[in-house]
$ cat model_4.cif   # mmCIF, C-alpha atoms
data_model
#
loop_
_atom_site.label_atom_id
_atom_site.label_comp_id
_atom_site.auth_asym_id
_atom_site.auth_seq_id
_atom_site.Cartn_x
_atom_site.Cartn_y
_atom_site.Cartn_z
CA ASN A 290 -37.85 -189.58 9.19
CA GLY A 291 -37.08 -190.43 5.56
CA LEU A 292 -40.13 -188.50 4.33
CA LYS A 293 -38.38 -185.14 4.81
CA MET A 294 -36.59 -185.64 1.49
CA PHE A 295 -39.76 -185.14 -0.56
CA LYS A 296 -40.38 -181.74 -2.11
CA ARG A 297 -43.73 -180.43 -0.90
CA GLU A 298 -44.71 -179.17 -4.36
CA GLU A 299 -44.49 -182.73 -5.77
CA PHE A 300 -45.99 -184.79 -2.95
CA THR A 301 -48.28 -184.60 0.05
CA ILE A 302 -47.12 -186.55 3.08
CA THR A 303 -49.94 -188.83 4.13
CA LYS A 304 -51.67 -188.35 7.46
CA ASN A 305 -50.30 -191.64 8.79
CA ASN A 306 -46.72 -190.56 7.90
CA ASN A 307 -46.15 -193.89 6.14
CA GLY A 308 -45.81 -192.47 2.67
CA VAL A 309 -46.68 -189.76 0.23
CA MET A 310 -49.36 -189.04 -2.34
CA HIS A 311 -48.38 -187.51 -5.65
CA ILE A 312 -49.91 -184.07 -6.22
CA THR A 313 -50.06 -184.86 -9.92
CA MET A 314 -50.54 -188.31 -11.40
CA ASN A 315 -47.60 -190.40 -12.55
CA PRO A 316 -47.83 -192.15 -15.97
CA ILE A 317 -49.19 -195.38 -14.41
CA SER A 318 -52.00 -193.54 -12.63
CA LYS A 319 -52.77 -191.58 -15.81
CA ALA A 320 -53.06 -194.84 -17.76
CA PHE A 321 -55.41 -196.25 -15.09
CA VAL A 322 -57.61 -193.14 -15.21
CA SER A 323 -57.68 -193.19 -19.02
CA HIS A 324 -58.74 -196.85 -19.01
CA ALA A 325 -61.27 -196.33 -16.22
CA LEU A 326 -62.91 -193.45 -18.07
CA LYS A 327 -63.56 -195.75 -21.05
CA CYS A 328 -64.83 -198.79 -19.19
CA GLY A 329 -68.12 -197.67 -17.65
CA GLY A 330 -68.02 -200.28 -14.86
CA THR A 331 -66.32 -200.54 -11.49
CA VAL A 332 -62.65 -199.90 -10.75
CA LEU A 333 -60.52 -200.26 -7.63
CA ASP A 334 -57.93 -197.74 -6.43
CA ILE A 335 -55.72 -199.41 -3.79
CA GLY A 336 -53.74 -196.92 -1.74
CA SER A 337 -56.10 -194.18 -2.87
CA ALA A 338 -55.10 -191.74 -0.12
CA TYR A 339 -56.83 -188.45 -0.93
CA GLY A 340 -58.00 -189.43 -4.41
CA VAL A 341 -55.46 -188.20 -6.95
CA ALA A 342 -56.63 -190.99 -9.32
CA THR A 343 -60.09 -191.62 -7.85
CA ILE A 344 -61.48 -188.10 -8.28
CA PRO A 345 -60.69 -187.70 -12.01
CA VAL A 346 -62.48 -191.00 -12.70
CA LEU A 347 -65.56 -189.94 -10.72
CA ILE A 348 -65.66 -186.56 -12.48
CA GLY A 349 -64.87 -187.91 -15.95
CA ASN A 350 -67.42 -190.67 -16.41
CA PRO A 351 -70.86 -190.72 -14.74
CA ASN A 352 -71.13 -194.48 -15.34
CA VAL A 353 -68.00 -195.56 -13.43
CA ARG A 354 -68.02 -196.56 -9.79
CA VAL A 355 -64.74 -196.29 -7.89
CA ILE A 356 -63.81 -198.38 -4.88
CA ALA A 357 -61.26 -196.30 -3.00
CA CYS A 358 -59.22 -198.54 -0.72
CA ASP A 359 -56.80 -197.27 1.89
CA ILE A 360 -55.52 -198.55 5.21
CA SER A 361 -55.98 -195.08 6.75
CA LYS A 362 -59.47 -194.01 7.73
CA LYS A 363 -58.20 -190.40 7.88
CA HIS A 364 -57.15 -190.55 4.23
CA LEU A 365 -60.54 -191.86 3.20
CA GLU A 366 -62.36 -189.24 5.28
CA GLU A 367 -60.37 -186.52 3.50
CA LEU A 368 -61.21 -188.12 0.14
CA GLU A 369 -64.91 -188.10 1.05
CA GLU A 370 -64.68 -184.43 2.02
CA ARG A 371 -62.95 -183.56 -1.25
CA VAL A 372 -65.58 -185.40 -3.28
CA LYS A 373 -68.43 -183.71 -1.39
CA LEU A 374 -66.86 -180.28 -1.97
CA ILE A 375 -66.53 -180.96 -5.70
CA GLU A 376 -70.13 -182.14 -5.80
CA GLU A 377 -71.34 -178.97 -4.03
CA LYS A 378 -69.17 -176.63 -6.08
CA GLU A 379 -69.92 -178.14 -9.49
CA GLY A 380 -73.43 -179.45 -8.89
CA THR A 381 -72.48 -182.93 -10.02
CA LYS A 382 -73.54 -186.26 -8.55
CA ILE A 383 -70.28 -188.10 -7.93
CA PHE A 384 -70.36 -189.04 -4.25
CA ASP A 385 -72.89 -191.85 -4.74
CA ARG A 386 -70.42 -193.63 -7.07
CA LEU A 387 -67.61 -193.59 -4.50
CA ILE A 388 -67.29 -196.77 -2.45
CA ILE A 389 -65.01 -196.52 0.56
CA LEU A 390 -63.01 -199.57 1.63
CA ASN A 391 -60.99 -198.96 4.80
CA LYS A 392 -58.91 -202.15 4.68
CA LYS A 393 -55.30 -203.21 4.37
CA PHE A 394 -54.49 -204.83 1.07
CA PRO A 395 -54.81 -207.81 0.60
CA ASP A 396 -57.05 -208.37 3.65
CA PHE A 397 -60.39 -208.03 1.85
CA ASP A 398 -62.46 -209.82 -0.75
CA LEU A 399 -64.55 -208.54 -3.62
CA GLU A 400 -66.80 -210.29 -6.09
CA GLU A 401 -64.94 -212.32 -8.70
CA ASN A 402 -64.88 -210.87 -12.24
CA SER A 403 -66.35 -207.58 -11.00
CA LEU A 404 -63.65 -205.01 -11.80
CA ASP A 405 -62.66 -203.41 -15.08
CA ALA A 406 -59.39 -201.99 -13.76
CA ILE A 407 -57.29 -201.90 -10.60
CA LEU A 408 -54.62 -199.41 -9.56
CA ALA A 409 -52.22 -200.44 -6.79
CA SER A 410 -50.24 -197.30 -6.17
CA HIS A 411 -47.21 -197.49 -3.88
CA VAL A 412 -48.60 -200.22 -1.63
CA LEU A 413 -46.38 -203.20 -2.45
CA PRO A 414 -43.31 -201.98 -0.51
CA PHE A 415 -45.38 -202.14 2.68
CA LEU A 416 -46.19 -205.84 2.20
CA THR A 417 -44.37 -209.09 2.84
CA GLY A 418 -43.63 -211.43 -0.06
CA LYS A 419 -46.48 -213.72 1.03
CA GLU A 420 -48.90 -210.77 1.18
CA ILE A 421 -47.89 -209.72 -2.33
CA GLU A 422 -48.44 -213.27 -3.65
CA LYS A 423 -51.83 -213.50 -1.90
CA GLY A 424 -52.81 -210.03 -3.12
CA ILE A 425 -51.90 -210.53 -6.77
CA ALA A 426 -53.85 -213.81 -6.81
CA LYS A 427 -56.89 -212.02 -5.38
CA LEU A 428 -56.63 -209.16 -7.87
CA ALA A 429 -56.55 -211.66 -10.74
CA LYS A 430 -59.84 -213.10 -9.45
CA PHE A 431 -61.45 -209.66 -9.00
CA LEU A 432 -60.69 -208.54 -12.58
CA LYS A 433 -63.15 -209.18 -15.37
CA PRO A 434 -61.76 -210.96 -18.44
CA GLY A 435 -59.80 -208.26 -20.27
CA GLY A 436 -59.53 -206.14 -17.11
CA VAL A 437 -56.25 -204.36 -16.49
CA LEU A 438 -54.03 -204.19 -13.40
CA TYR A 439 -51.87 -201.08 -13.01
CA ILE A 440 -49.07 -201.20 -10.44
CA SER A 441 -46.92 -198.26 -9.46
CA SER A 442 -44.19 -198.90 -6.94
CA TYR A 443 -41.02 -197.21 -5.80
CA SER A 444 -37.63 -198.67 -6.27
CA ILE A 445 -35.08 -197.62 -3.71
CA TYR A 446 -33.07 -196.37 -6.71
CA ASN A 447 -35.86 -194.07 -7.90
CA LYS A 448 -34.71 -190.44 -8.08
CA VAL A 449 -37.11 -189.31 -5.35
CA MET A 450 -35.82 -192.02 -3.02
CA LYS A 451 -32.07 -191.32 -3.37
CA ASN A 452 -31.81 -189.65 0.08
CA TYR A 453 -33.49 -192.67 1.61
CA ILE A 454 -30.94 -195.28 0.40
CA SER A 455 -28.72 -194.97 3.49
CA ILE A 456 -31.72 -195.46 5.78
CA TYR A 457 -33.00 -198.36 3.71
#
$ encode --input "model_4.cif" --output "structure tokens"
Amino acid sequence: NGLKMFKREEFTITKNNNGVMHITMNPISKAFVSHALKCGGTVLDIGSAYGVATIPVLIGNPNVRVIACDISKKHLEELEERVKLIEEKEGTKIFDRLIILNKKFPDFDLEENSLDAILASHVLPFLTGKEIEKGIAKLAKFLKPGGVLYISSYSIYNKVMKNYISIY
């Protein structure tokens, strides 16, 4: 399994063993969170896993709703548990602004012009070229005018992937 190369202090291997979730946010996710905290509307986190980008948005702005999308129901269940624990511990109301979407990207539709920002974090490598084309077209429709799309994706030549090149 190529996932053995990841250092546990940097990543969490996802429950479906198809990838990893960063323990800390990368610069793209940080930019998404920063934008989302300013917008006050609805944002979409595709490949949300356990909520490394979703949770800071929910905590940071009581006016933002986050659609957390992941193909794995187990990931989304863990995200829900984490959000409920934060709500209990801190006495905040954040769970009611979390919308769970257990779907594979791009196999879902949302209202046109309804999103202020979208983060697609490490999902594109799992898609075919046609799925990527279909997905990007959909995301363009979902975004409000002036909305921002943030994409973070591995290159096989990325430092964390170097041990995976021979397998790839």
$ resolve_selection --input "model_4.cif" --expression "the PyMOL selection byres ((chain A and resi 327-335) around 6)" --output "list in words"
His324, Ala325, Leu326, Gly336, Ser337, Asn352, Val353, Arg354, Val355, Ile356, Ala357, Cys358, Leu404, Asp405, Ala406, Ile407, Leu408 and Ala409 of chain A
$ atom_distance --input "model_4.cif" --atom1 "CA of Ser403 (chain A)" --atom2 "CA of Ile375 (chain A)"
27.1 Å
$ closest_residue --input "model_4.cif" --among "A:Ile440, A:Pro316, A:Lys362, A:Ile383" --to "Pro345 (chain A)" --atoms "only C-alpha atoms"
A:Ile383
$ resolve_selection --input "model_4.cif" --expression "the PyMOL selection byres ((chain A and resi 340) around 9)" --output "ChimeraX atom specification"
/A:310,334,337-339,341-345,357,364-365,367-369,371-372
$ closest_residue --input "model_4.cif" --among "A:Asn350, A:Gly424, A:Phe415, A:Phe384" --to "Leu438 (chain A)" --atoms "all atoms listed in the file"
A:Gly424
$ closest_residue --input "model_4.cif" --among "A:Leu416, A:Ile360, A:Ile348, A:Leu432" --to "Asp385 (chain A)" --atoms "all atoms listed in the file"
A:Ile348
